[in-house]
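One file, model.cif, is given below (mmCIF, C-alpha atoms).
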```cif
data_start
loop_
_atom_site.group_PDB
_atom_site.id
_atom_site.type_symbol
_atom_site.label_atom_id
_atom_site.label_comp_id
_atom_site.auth_asym_id
_atom_site.auth_seq_id
_atom_site.Cartn_x
_atom_site.Cartn_y
_atom_site.Cartn_z
ATOM 1 C CA MET A 1 -7.191 43.844 -102.928
ATOM 2 C CA CYS A 2 -6.227 40.222 -101.977
ATOM 3 C CA GLY A 3 -8.144 36.998 -102.426
ATOM 4 C CA ILE A 4 -9.359 34.591 -99.738
ATOM 5 C CA VAL A 5 -10.514 30.991 -100.020
ATOM 6 C CA GLY A 6 -11.639 28.470 -97.439
ATOM 7 C CA LEU A 7 -13.000 24.923 -97.487
ATOM 8 C CA PHE A 8 -14.526 22.946 -94.615
ATOM 9 C CA LEU A 9 -15.298 19.298 -95.361
ATOM 10 C CA LYS A 10 -18.399 17.740 -93.867
ATOM 11 C CA ASP A 11 -17.853 14.585 -95.943
ATOM 12 C CA GLN A 12 -14.492 13.187 -94.887
ATOM 13 C CA SER A 13 -14.321 10.951 -97.962
ATOM 14 C CA LEU A 14 -13.253 14.165 -99.717
ATOM 15 C CA ALA A 15 -10.220 14.587 -97.403
ATOM 16 C CA PRO A 16 -7.686 13.300 -99.993
ATOM 17 C CA GLN A 17 -8.972 15.960 -102.413
ATOM 18 C CA LEU A 18 -8.784 18.927 -100.033
ATOM 19 C CA GLY A 19 -5.449 20.212 -101.283
ATOM 20 C CA ASN A 20 -6.450 19.851 -104.919
ATOM 21 C CA MET A 21 -9.714 21.727 -104.417
ATOM 22 C CA LEU A 22 -8.104 24.510 -102.379
ATOM 23 C CA THR A 23 -5.286 24.875 -104.914
ATOM 24 C CA ASP A 24 -7.757 25.389 -107.745
ATOM 25 C CA MET A 25 -9.636 27.963 -105.666
ATOM 26 C CA LEU A 26 -6.379 29.750 -104.783
ATOM 27 C CA ILE A 27 -5.087 29.962 -108.347
ATOM 28 C CA THR A 28 -8.435 31.345 -109.531
ATOM 29 C CA MET A 29 -7.852 34.318 -107.203
ATOM 30 C CA THR A 30 -4.427 35.151 -108.719
ATOM 31 C CA ASP A 31 -5.444 38.517 -110.159
ATOM 32 C CA ARG A 32 -6.593 39.610 -106.702
ATOM 33 C CA GLY A 33 -3.150 38.889 -105.235
ATOM 34 C CA PRO A 34 -0.136 38.101 -107.434
ATOM 35 C CA ASP A 35 2.550 39.089 -104.911
ATOM 36 C CA SER A 36 2.540 36.030 -102.640
ATOM 37 C CA ALA A 37 0.311 33.171 -101.582
ATOM 38 C CA GLY A 38 -0.197 30.784 -98.711
ATOM 39 C CA ILE A 39 -2.339 27.935 -97.526
ATOM 40 C CA ALA A 40 -3.169 26.417 -94.139
ATOM 41 C CA ILE A 41 -4.014 22.718 -94.082
ATOM 42 C CA TYR A 42 -5.547 20.930 -91.119
ATOM 43 C CA GLY A 43 -4.520 17.312 -91.486
ATOM 44 C CA ASP A 44 -3.765 14.306 -89.323
ATOM 45 C CA ALA A 45 -2.776 14.939 -85.708
ATOM 46 C CA SER A 46 -0.416 12.697 -83.748
ATOM 47 C CA GLN A 47 -1.439 11.995 -80.170
ATOM 48 C CA GLY A 48 0.726 13.926 -77.725
ATOM 49 C CA LYS A 49 2.661 15.705 -80.482
ATOM 50 C CA THR A 50 2.940 19.277 -81.754
ATOM 51 C CA LYS A 51 3.794 20.195 -85.323
ATOM 52 C CA ILE A 52 5.993 23.228 -85.951
ATOM 53 C CA THR A 53 6.144 24.372 -89.580
ATOM 54 C CA VAL A 54 9.293 26.417 -90.192
ATOM 55 C CA GLN A 55 10.657 28.305 -93.196
ATOM 56 C CA SER A 56 14.190 29.131 -94.254
ATOM 57 C CA PRO A 57 15.646 31.181 -97.120
ATOM 58 C CA ASN A 58 18.533 28.665 -97.029
ATOM 59 C CA PRO A 59 16.886 25.256 -96.613
ATOM 60 C CA GLU A 60 19.800 23.415 -98.218
ATOM 61 C CA THR A 61 21.919 24.301 -95.182
ATOM 62 C CA ASP A 62 19.449 25.129 -92.400
ATOM 63 C CA PHE A 63 17.470 21.894 -92.664
ATOM 64 C CA ILE A 64 20.449 19.531 -92.637
ATOM 65 C CA GLY A 65 20.543 17.861 -89.208
ATOM 66 C CA LEU A 66 17.892 20.212 -87.848
ATOM 67 C CA ALA A 67 15.833 17.503 -86.134
ATOM 68 C CA ASP A 68 18.944 15.991 -84.520
ATOM 69 C CA ASP A 69 20.219 19.346 -83.310
ATOM 70 C CA LEU A 70 16.836 20.409 -81.948
ATOM 71 C CA GLY A 71 16.320 17.005 -80.335
ATOM 72 C CA LYS A 72 19.665 17.201 -78.545
ATOM 73 C CA SER A 73 18.855 20.696 -77.294
ATOM 74 C CA LEU A 74 15.448 19.654 -75.960
ATOM 75 C CA GLY A 75 16.407 16.157 -74.864
ATOM 76 C CA VAL A 76 13.584 14.612 -76.919
ATOM 77 C CA ALA A 77 13.042 12.848 -80.231
ATOM 78 C CA VAL A 78 12.127 15.221 -83.074
ATOM 79 C CA GLY A 79 10.613 14.274 -86.426
ATOM 80 C CA GLN A 80 11.355 16.239 -89.586
ATOM 81 C CA THR A 81 9.638 16.374 -92.995
ATOM 82 C CA ASP A 82 11.085 18.853 -95.497
ATOM 83 C CA ASN A 83 9.033 20.491 -98.249
ATOM 84 C CA ASP A 84 11.004 22.980 -100.358
ATOM 85 C CA THR A 85 11.671 26.074 -98.175
ATOM 86 C CA HIS A 86 9.475 24.703 -95.352
ATOM 87 C CA SER A 87 9.924 21.852 -92.924
ATOM 88 C CA VAL A 88 7.484 20.306 -90.461
ATOM 89 C CA LEU A 89 9.077 19.422 -87.133
ATOM 90 C CA GLU A 90 7.192 17.115 -84.779
ATOM 91 C CA ILE A 91 7.943 17.472 -81.070
ATOM 92 C CA PRO A 92 6.306 16.278 -77.838
ATOM 93 C CA ALA A 93 3.338 18.405 -76.753
ATOM 94 C CA GLY A 94 4.208 21.148 -74.286
ATOM 95 C CA GLN A 95 7.666 21.764 -75.773
ATOM 96 C CA PHE A 96 6.838 24.572 -78.203
ATOM 97 C CA ASP A 97 8.206 27.527 -76.223
ATOM 98 C CA ALA A 98 11.467 25.693 -75.547
ATOM 99 C CA ALA A 99 11.680 24.653 -79.196
ATOM 100 C CA ARG A 100 11.143 28.211 -80.434
ATOM 101 C CA ALA A 101 13.939 29.471 -78.186
ATOM 102 C CA ALA A 102 16.240 26.650 -79.259
ATOM 103 C CA LEU A 103 15.579 27.272 -82.959
ATOM 104 C CA ALA A 104 16.540 30.928 -82.540
ATOM 105 C CA GLU A 105 19.920 29.789 -81.237
ATOM 106 C CA LEU A 106 20.488 26.812 -83.526
ATOM 107 C CA ARG A 107 19.217 28.288 -86.816
ATOM 108 C CA PRO A 108 18.820 32.086 -86.566
ATOM 109 C CA SER A 109 17.518 32.408 -90.135
ATOM 110 C CA VAL A 110 14.701 29.890 -89.610
ATOM 111 C CA ARG A 111 11.254 31.374 -88.997
ATOM 112 C CA VAL A 112 8.232 29.694 -87.430
ATOM 113 C CA MET A 113 5.212 29.651 -89.734
ATOM 114 C CA SER A 114 2.784 27.713 -87.539
ATOM 115 C CA ARG A 115 2.317 25.351 -84.655
ATOM 116 C CA GLY A 116 -0.431 23.025 -83.531
ATOM 117 C CA GLU A 117 -1.554 19.429 -83.413
ATOM 118 C CA SER A 118 -2.877 19.358 -86.982
ATOM 119 C CA LEU A 119 -2.057 22.730 -88.604
ATOM 120 C CA GLU A 120 0.592 23.183 -91.297
ATOM 121 C CA ILE A 121 1.117 26.516 -93.122
ATOM 122 C CA TYR A 122 2.998 26.908 -96.395
ATOM 123 C CA LYS A 123 3.535 30.375 -97.875
ATOM 124 C CA GLU A 124 6.005 32.151 -100.128
ATOM 125 C CA VAL A 125 6.457 35.121 -102.426
ATOM 126 C CA GLY A 126 5.326 34.470 -106.005
ATOM 127 C CA LEU A 127 2.315 33.726 -108.136
ATOM 128 C CA PRO A 128 -0.200 31.381 -106.487
ATOM 129 C CA LYS A 129 0.330 28.678 -109.135
ATOM 130 C CA ASP A 130 4.086 28.740 -108.534
ATOM 131 C CA VAL A 131 3.694 28.630 -104.754
ATOM 132 C CA ALA A 132 1.235 25.745 -105.086
ATOM 133 C CA GLU A 133 3.595 23.810 -107.353
ATOM 134 C CA ARG A 134 6.702 24.195 -105.218
ATOM 135 C CA PHE A 135 4.905 22.769 -102.149
ATOM 136 C CA SER A 136 2.779 20.210 -104.064
ATOM 137 C CA LEU A 137 -0.290 21.657 -102.365
ATOM 138 C CA ASN A 138 -2.674 19.800 -104.659
ATOM 139 C CA GLY A 139 -1.557 16.475 -103.176
ATOM 140 C CA MET A 140 -2.287 17.396 -99.549
ATOM 141 C CA SER A 141 -5.189 15.921 -97.610
ATOM 142 C CA GLY A 142 -7.050 17.166 -94.560
ATOM 143 C CA THR A 143 -10.330 18.083 -92.934
ATOM 144 C CA HIS A 144 -10.348 21.804 -93.776
ATOM 145 C CA GLY A 145 -8.115 24.627 -94.877
ATOM 146 C CA ILE A 146 -7.868 28.294 -95.822
ATOM 147 C CA GLY A 147 -5.753 30.177 -98.338
ATOM 148 C CA HIS A 148 -4.785 33.673 -99.433
ATOM 149 C CA THR A 149 -3.395 35.510 -102.443
ATOM 150 C CA ARG A 150 -1.825 38.830 -101.496
ATOM 151 C CA MET A 151 -1.617 42.226 -103.129
ATOM 152 C CA ALA A 152 0.579 44.112 -100.665
ATOM 153 C CA THR A 153 -0.578 47.582 -99.635
ATOM 154 C CA GLU A 154 0.875 48.387 -96.193
ATOM 155 C CA SER A 155 4.003 46.248 -95.760
ATOM 156 C CA ALA A 156 6.761 44.670 -97.833
ATOM 157 C CA VAL A 157 6.315 41.686 -100.127
ATOM 158 C CA THR A 158 8.073 38.998 -98.088
ATOM 159 C CA THR A 159 7.443 35.435 -96.983
ATOM 160 C CA MET A 160 6.753 36.642 -93.456
ATOM 161 C CA GLY A 161 4.286 39.198 -94.789
ATOM 162 C CA ALA A 162 2.276 36.571 -96.648
ATOM 163 C CA HIS A 163 -0.887 35.047 -95.161
ATOM 164 C CA PRO A 164 -2.086 32.932 -93.338
ATOM 165 C CA PHE A 165 -0.829 34.130 -89.953
ATOM 166 C CA ASN A 166 -0.612 31.798 -86.966
ATOM 167 C CA THR A 167 -0.477 33.320 -83.463
ATOM 168 C CA GLY A 168 -2.045 30.561 -81.344
ATOM 169 C CA SER A 169 -1.945 26.775 -81.389
ATOM 170 C CA ASP A 170 -3.898 25.447 -84.389
ATOM 171 C CA GLN A 171 -5.260 28.943 -85.045
ATOM 172 C CA CYS A 172 -4.666 30.991 -88.183
ATOM 173 C CA LEU A 173 -6.203 33.891 -90.068
ATOM 174 C CA VAL A 174 -6.406 35.329 -93.577
ATOM 175 C CA HIS A 175 -7.658 38.844 -94.231
ATOM 176 C CA ASN A 176 -8.846 41.082 -97.015
ATOM 177 C CA GLY A 177 -8.927 44.738 -96.038
ATOM 178 C CA SER A 178 -6.941 47.134 -93.884
ATOM 179 C CA LEU A 179 -6.792 47.760 -90.136
ATOM 180 C CA SER A 180 -6.085 51.385 -89.218
ATOM 181 C CA ASN A 181 -5.300 50.859 -85.510
ATOM 182 C CA HIS A 182 -2.884 47.948 -85.899
ATOM 183 C CA ASN A 183 0.172 49.859 -84.654
ATOM 184 C CA SER A 184 -1.303 50.795 -81.272
ATOM 185 C CA LEU A 185 -2.916 47.380 -80.909
ATOM 186 C CA ARG A 186 0.381 45.642 -81.756
ATOM 187 C CA ARG A 187 2.124 47.514 -78.945
ATOM 188 C CA LYS A 188 -0.645 46.592 -76.500
ATOM 189 C CA LEU A 189 -0.643 42.910 -77.443
ATOM 190 C CA ARG A 190 3.136 42.657 -77.205
ATOM 191 C CA ARG A 191 2.932 44.124 -73.699
ATOM 192 C CA GLU A 192 0.406 41.378 -72.928
ATOM 193 C CA GLY A 193 2.948 38.741 -73.996
ATOM 194 C CA VAL A 194 1.519 37.865 -77.421
ATOM 195 C CA ILE A 195 4.298 37.161 -79.936
ATOM 196 C CA ILE A 196 3.942 39.211 -83.140
ATOM 197 C CA GLN A 197 6.738 38.743 -85.676
ATOM 198 C CA THR A 198 5.911 41.271 -88.412
ATOM 199 C CA GLU A 199 4.563 44.760 -89.061
ATOM 200 C CA ASN A 200 1.644 43.343 -91.057
ATOM 201 C CA ASP A 201 -1.796 44.455 -89.905
ATOM 202 C CA THR A 202 -3.257 40.985 -90.498
ATOM 203 C CA GLU A 203 -0.945 39.386 -87.961
ATOM 204 C CA VAL A 204 -2.268 41.899 -85.430
ATOM 205 C CA GLY A 205 -5.792 40.740 -86.217
ATOM 206 C CA ALA A 206 -4.764 37.124 -85.631
ATOM 207 C CA ALA A 207 -2.927 38.043 -82.430
ATOM 208 C CA TYR A 208 -5.960 39.950 -81.170
ATOM 209 C CA LEU A 209 -8.132 36.849 -81.495
ATOM 210 C CA THR A 210 -5.464 34.743 -79.765
ATOM 211 C CA TRP A 211 -5.289 37.245 -76.905
ATOM 212 C CA LYS A 212 -9.058 37.262 -76.452
ATOM 213 C CA MET A 213 -9.160 33.473 -76.327
ATOM 214 C CA MET A 214 -6.197 33.378 -73.932
ATOM 215 C CA ASN A 215 -8.429 35.422 -71.648
ATOM 216 C CA GLY A 216 -11.364 33.038 -71.808
ATOM 217 C CA ALA A 217 -13.325 34.067 -74.892
ATOM 218 C CA THR A 218 -14.591 31.535 -77.389
ATOM 219 C CA LEU A 219 -13.669 32.081 -81.022
ATOM 220 C CA GLY A 220 -17.183 33.355 -81.685
ATOM 221 C CA GLU A 221 -16.936 35.827 -78.816
ATOM 222 C CA ALA A 222 -13.493 36.971 -79.986
ATOM 223 C CA LEU A 223 -14.753 37.524 -83.518
ATOM 224 C CA LYS A 224 -17.715 39.536 -82.231
ATOM 225 C CA SER A 225 -15.390 41.652 -80.062
ATOM 226 C CA SER A 226 -13.216 42.362 -83.099
ATOM 227 C CA LEU A 227 -16.105 44.308 -84.606
ATOM 228 C CA ASP A 228 -15.774 46.851 -81.775
ATOM 229 C CA ASP A 229 -12.019 46.814 -81.188
ATOM 230 C CA LEU A 230 -10.573 46.713 -84.715
ATOM 231 C CA ASP A 231 -10.786 49.893 -86.769
ATOM 232 C CA GLY A 232 -10.909 49.698 -90.537
ATOM 233 C CA PHE A 233 -12.554 47.394 -93.027
ATOM 234 C CA PHE A 234 -12.002 43.658 -93.118
ATOM 235 C CA THR A 235 -13.160 40.212 -94.017
ATOM 236 C CA PHE A 236 -11.600 37.555 -91.793
ATOM 237 C CA VAL A 237 -11.518 33.812 -92.335
ATOM 238 C CA VAL A 238 -10.152 32.037 -89.271
ATOM 239 C CA GLY A 239 -9.045 28.423 -89.018
ATOM 240 C CA THR A 240 -9.062 26.390 -85.804
ATOM 241 C CA LYS A 241 -8.332 22.746 -85.063
ATOM 242 C CA ASP A 242 -12.035 21.882 -85.274
ATOM 243 C CA GLY A 243 -13.311 24.221 -87.973
ATOM 244 C CA PHE A 244 -13.352 27.667 -89.468
ATOM 245 C CA GLY A 245 -15.100 30.978 -88.945
ATOM 246 C CA VAL A 246 -15.956 34.008 -91.070
ATOM 247 C CA VAL A 247 -16.713 37.600 -90.110
ATOM 248 C CA ARG A 248 -17.039 40.849 -92.077
ATOM 249 C CA ASP A 249 -16.916 44.348 -90.659
ATOM 250 C CA PRO A 250 -20.200 46.314 -90.318
ATOM 251 C CA ILE A 251 -19.711 48.098 -93.642
ATOM 252 C CA ALA A 252 -18.672 44.911 -95.503
ATOM 253 C CA CYS A 253 -17.167 46.654 -98.519
ATOM 254 C CA LYS A 254 -14.881 43.711 -99.324
ATOM 255 C CA PRO A 255 -16.445 41.029 -101.541
ATOM 256 C CA ALA A 256 -17.288 37.620 -100.097
ATOM 257 C CA VAL A 257 -19.408 34.640 -101.081
ATOM 258 C CA MET A 258 -20.166 31.323 -99.386
ATOM 259 C CA ALA A 259 -21.585 28.011 -100.554
ATOM 260 C CA GLU A 260 -22.837 25.031 -98.559
ATOM 261 C CA THR A 261 -23.762 21.491 -99.552
ATOM 262 C CA ASP A 262 -24.085 18.215 -97.659
ATOM 263 C CA GLN A 263 -20.380 17.646 -98.391
ATOM 264 C CA TYR A 264 -18.693 20.970 -97.608
ATOM 265 C CA VAL A 265 -18.816 24.661 -96.765
ATOM 266 C CA ALA A 266 -16.749 26.917 -99.026
ATOM 267 C CA PHE A 267 -15.711 30.562 -98.941
ATOM 268 C CA GLY A 268 -14.309 32.740 -101.706
ATOM 269 C CA SER A 269 -13.705 36.420 -102.301
ATOM 270 C CA GLU A 270 -15.585 35.889 -105.546
ATOM 271 C CA TYR A 271 -17.935 33.174 -106.802
ATOM 272 C CA ARG A 272 -15.516 32.152 -109.560
ATOM 273 C CA ALA A 273 -13.276 30.634 -106.869
ATOM 274 C CA LEU A 274 -16.048 28.115 -106.140
ATOM 275 C CA VAL A 275 -17.230 27.149 -109.628
ATOM 276 C CA ASN A 276 -15.172 23.936 -109.920
ATOM 277 C CA LEU A 277 -16.197 22.472 -106.572
ATOM 278 C CA PRO A 278 -18.197 19.235 -106.784
ATOM 279 C CA GLY A 279 -21.945 19.761 -106.631
ATOM 280 C CA ILE A 280 -21.674 23.560 -106.669
ATOM 281 C CA GLU A 281 -24.728 23.727 -108.952
ATOM 282 C CA GLN A 282 -26.897 22.409 -106.107
ATOM 283 C CA ALA A 283 -25.207 24.421 -103.328
ATOM 284 C CA ARG A 284 -26.883 27.052 -101.225
ATOM 285 C CA VAL A 285 -24.937 30.179 -102.180
ATOM 286 C CA TRP A 286 -25.093 33.461 -100.278
ATOM 287 C CA GLU A 287 -23.192 36.586 -99.342
ATOM 288 C CA PRO A 288 -22.254 36.590 -95.643
ATOM 289 C CA GLU A 289 -23.966 39.416 -93.820
ATOM 290 C CA PRO A 290 -22.059 42.340 -92.268
ATOM 291 C CA ALA A 291 -21.181 42.123 -88.566
ATOM 292 C CA THR A 292 -22.215 38.469 -88.426
ATOM 293 C CA VAL A 293 -20.081 35.587 -87.146
ATOM 294 C CA TYR A 294 -20.303 32.315 -89.072
ATOM 295 C CA PHE A 295 -18.646 29.196 -87.701
ATOM 296 C CA TRP A 296 -18.568 25.510 -88.615
ATOM 297 C CA SER A 297 -17.024 22.803 -86.438
ATOM 298 C CA HIS A 298 -16.292 19.078 -86.577
ATOM 299 C CA ASN A 299 -16.789 18.564 -82.849
ATOM 300 C CA ASP A 300 -20.572 18.003 -82.990
ATOM 301 C CA ARG A 301 -21.513 21.580 -82.129
ATOM 302 C CA PRO A 302 -24.199 23.046 -84.372
ATOM 303 C CA THR A 303 -23.388 25.485 -87.125
ATOM 304 C CA THR A 304 -23.209 29.008 -85.688
ATOM 305 C CA HIS A 305 -24.439 32.200 -87.382
ATOM 306 C CA GLU A 306 -24.445 35.005 -84.830
ATOM 307 C CA LYS A 307 -25.450 38.581 -85.552
ATOM 308 C CA ALA A 308 -23.387 40.984 -83.459
ATOM 309 C CA ALA A 309 -25.389 43.280 -81.158
#
```
Encoded form using structure tokens:
Amino acid sequence: MCGIVGLFLKDQSLAPQLGNMLTDMLITMTDRGPDSAGIAIYGDASQGKTKITVQSPNPETDFIGLADDLGKSLGVAVGQTDNDTHSVLEIPAGQFDAARAALAELRPSVRVMSRGESLEIYKEVGLPKDVAERFSLNGMSGTHGIGHTRMATESAVTTMGAHPFNTGSDQCLVHNGSLSNHNSLRRKLRREGVIIQTENDTEVGAAYLTWKMMNGATLGEALKSSLDDLDGFFTFVVGTKDGFGVVRDPIACKPAVMAETDQYVAFGSEYRALVNLPGIEQARVWEPEPATVYFWSHNDRPTTHEKAA
């Protein structure tokens, strides 16, 4: 079943409240996904730096001296901020591939959750309220974010199987539905050099979008192509450095609702996820249309609503 939430802030005075608002939305969706939960926050970016969010089942040992060890391996200064089972490592831009390889050698049990200039992903097995509490999600600030509560149907309940999935810099995806051709597509994408870490169908969806954009497509074009190339039923919410996008398959059997005010754009699997947002009584509320790409961005481009041909 699963639950999806997303929040894009037009009014940046709300940035300190982003985590609190998303956490409330996430917890409201608990009965749609009690197995695990995750959230992607787009916060402050450091010029010339890349953030790598990593996870470990043994943080009390894996995170000790991690920045020093990684820095020595790369020959650069590395920053480190621990948060429960996750840690955010900050490295010079352009060093991600080398850092991933070094981490595999230095800390084999550490797994990469996300990378990008502003993206941080936190996810774990457990009830959404427990996941939110252990990472203090309600205290996080940022420009936009997306979240997911999972009810596993086609792969194991694990941290790596939880959403969001990150397969490209500052790009992530959450998904409600099921992709029937993910196995063949996973093999194709891996042959194309896209790194896919799990057997989860949602990660294949994220990797597909990354692959399309690696080959010159815009996010909007990649989302429109997904309607032809991905078999099954799905609602996608995709985060990028500048904004977020939404698309539903042509049948659109999975529930979805959106709301927009002068201060924000919000997405929820159900309206109850949105009821505590400020000014929701005056919001324009609608159900996103099937086979239509919606996208909002902070980089001065107009709001995009594109009906697929």
task = Would you be able to write out as a ChimeraX atom specification which residues have an atom within 12 Å of (0.0, 46.8, -103.1) in the file's coordinates, counting all atoms listed in the file?
result = /A:1-2,32-36,149-157,177-178
Would you mind exporting the chosen residues as an mmCIF file, keeping the file's coordinate frame, restricted to C-alpha atoms?
```cif
data_model
loop_
_atom_site.group_PDB
_atom_site.id
_atom_site.type_symbol
_atom_site.label_atom_id
_atom_site.label_comp_id
_atom_site.auth_asym_id
_atom_site.auth_seq_id
_atom_site.Cartn_x
_atom_site.Cartn_y
_atom_site.Cartn_z
ATOM 1 C CA MET A 1 -7.191 43.844 -102.928
ATOM 2 C CA CYS A 2 -6.227 40.222 -101.977
ATOM 3 C CA ARG A 32 -6.593 39.610 -106.702
ATOM 4 C CA GLY A 33 -3.150 38.889 -105.235
ATOM 5 C CA PRO A 34 -0.136 38.101 -107.434
ATOM 6 C CA ASP A 35 2.550 39.089 -104.911
ATOM 7 C CA SER A 36 2.540 36.030 -102.640
ATOM 8 C CA THR A 149 -3.395 35.510 -102.443
ATOM 9 C CA ARG A 150 -1.825 38.830 -101.496
ATOM 10 C CA MET A 151 -1.617 42.226 -103.129
ATOM 11 C CA ALA A 152 0.579 44.112 -100.665
ATOM 12 C CA THR A 153 -0.578 47.582 -99.635
ATOM 13 C CA GLU A 154 0.875 48.387 -96.193
ATOM 14 C CA SER A 155 4.003 46.248 -95.760
ATOM 15 C CA ALA A 156 6.761 44.670 -97.833
ATOM 16 C CA VAL A 157 6.315 41.686 -100.127
ATOM 17 C CA GLY A 177 -8.927 44.738 -96.038
ATOM 18 C CA SER A 178 -6.941 47.134 -93.884
#
```
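The smallest atom-to-atom distance between Ser297 (chain A) and any of A:Asp97, A:Asp249, A:Glu117, A:Asp242, using all atoms listed in the file, is found for A:Asp242.
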task = On this file, the PyMOL selection byres ((chain A and resi 164-172) around 6) gives some set of residues; write that set as a ChimeraX atom specification.
result = /A:114-116,119,163,173-174,203,207,210,238-241
Residues picked by the PyMOL selection byres ((chain A and resi 51-57) around 8) here, as a PDB file with C-alpha atoms, keeping the file's coordinate frame?
```
ATOM      1  CA  LYS A  49       2.661  15.705 -80.482  1.00  0.00           C
ATOM      2  CA  THR A  50       2.940  19.277 -81.754  1.00  0.00           C
ATOM      3  CA  ASN A  58      18.533  28.665 -97.029  1.00  0.00           C
ATOM      4  CA  PRO A  59      16.886  25.256 -96.613  1.00  0.00           C
ATOM      5  CA  ASP A  62      19.449  25.129 -92.400  1.00  0.00           C
ATOM      6  CA  THR A  85      11.671  26.074 -98.175  1.00  0.00           C
ATOM      7  CA  HIS A  86       9.475  24.703 -95.352  1.00  0.00           C
ATOM      8  CA  SER A  87       9.924  21.852 -92.924  1.00  0.00           C
ATOM      9  CA  VAL A  88       7.484  20.306 -90.461  1.00  0.00           C
ATOM     10  CA  LEU A  89       9.077  19.422 -87.133  1.00  0.00           C
ATOM     11  CA  GLU A  90       7.192  17.115 -84.779  1.00  0.00           C
ATOM     12  CA  ILE A  91       7.943  17.472 -81.070  1.00  0.00           C
ATOM     13  CA  PHE A  96       6.838  24.572 -78.203  1.00  0.00           C
ATOM     14  CA  SER A 109      17.518  32.408 -90.135  1.00  0.00           C
ATOM     15  CA  VAL A 110      14.701  29.890 -89.610  1.00  0.00           C
ATOM     16  CA  ARG A 111      11.254  31.374 -88.997  1.00  0.00           C
ATOM     17  CA  VAL A 112       8.232  29.694 -87.430  1.00  0.00           C
ATOM     18  CA  MET A 113       5.212  29.651 -89.734  1.00  0.00           C
ATOM     19  CA  SER A 114       2.784  27.713 -87.539  1.00  0.00           C
ATOM     20  CA  ARG A 115       2.317  25.351 -84.655  1.00  0.00           C
ATOM     21  CA  GLY A 116      -0.431  23.025 -83.531  1.00  0.00           C
ATOM     22  CA  GLU A 117      -1.554  19.429 -83.413  1.00  0.00           C
ATOM     23  CA  SER A 118      -2.877  19.358 -86.982  1.00  0.00           C
ATOM     24  CA  LEU A 119      -2.057  22.730 -88.604  1.00  0.00           C
ATOM     25  CA  GLU A 120       0.592  23.183 -91.297  1.00  0.00           C
ATOM     26  CA  ILE A 121       1.117  26.516 -93.122  1.00  0.00           C
ATOM     27  CA  TYR A 122       2.998  26.908 -96.395  1.00  0.00           C
TER      28      TYR A 122
END
```
key: the PyMOL selection byres ((chain A and resi 269) around 8) applied to the shown file, residues as a list in words   =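 The output of the PyMOL selection byres ((chain A and resi 269) around 8) on this file is Gly3, Ile4, Val5, Met29, Lys254, Pro255, Ala256, Val257, Phe267, Gly268, Glu270, Tyr271 and Ala273 of chain A.
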request  = Choose the residue, out of A:Gly142, A:Gly6, A:Pro92, A:Pro290, that has the smallest atom-to-atom separation from Ile41 (chain A); count only C-alpha atoms.
outcome  = A:Gly142
Box dimensions and centre (Å, one decimal) enclosing region 115-123 of chain A, axis-aligned, 6 Å extra per side, as lines of an AutoDock Vina configuration file:
```
center_x = 0.3
center_y = 24.9
center_z = -90.6
size_x = 18.4
size_y = 23.0
size_z = 26.5
```
request  = Record the distance separating CA of Phe244 (chain A) and CA of Phe8 (chain A), expressed in Å with one decimal.
outcome  =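 Value for the CA of Phe244 (chain A)-CA of Phe8 (chain A) distance: 7.1 Å.
Distance-wise, CA of Lys188 (chain A) and CA of Val246 (chain A) end up 24.6 Å apart.
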key: Atom pair CA of Asp201 (chain A) / CA of Asp229 (chain A): separation (Å)   = 13.6 Å
ask   = List as a PyMOL selection string: which residues have an atom within 12 Å of (-6.1, 46.4, -87.7), counting all atoms listed in the file?
value = chain A and resi 154+175-186+199-209+226-236+249
message = For a quick check of understanding, using only C-alpha atoms, which of A:Ala93, A:Val285, A:Ala67, A:Ala40 has the smallest distance to Thr23 (chain A)?
response = A:Ala40
query = In terms of the shortest atom-to-atom distance over all atoms listed in the file, which of A:Leu274, A:Leu22, A:Ala162, A:Ala283 is closest to His144 (chain A)?
reply =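 The closest residue to His144 (chain A) is A:Leu22.
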inquiry  = I'd like to know which of A:Ile64, A:Val265, A:Pro288, A:Leu219 is closest to Pro250 (chain A), using all atoms listed in the file.
reply    =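 Smallest separation from Pro250 (chain A) among the options: A:Pro288.
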ask   = Counting all atoms listed in the file, what is within 6 Å of Ala266 (chain A), bar same-chain residues fewer than 5 positions away, as a list in words?
value =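 That gives Gly6, Leu7, Met258 and Ala259 of chain A.
Counting all atoms listed in the file, the residue from A:Ala291, A:Ser141, A:Ala222, A:Arg187 that sits nearest to Ala252 (chain A) is A:Ala291.
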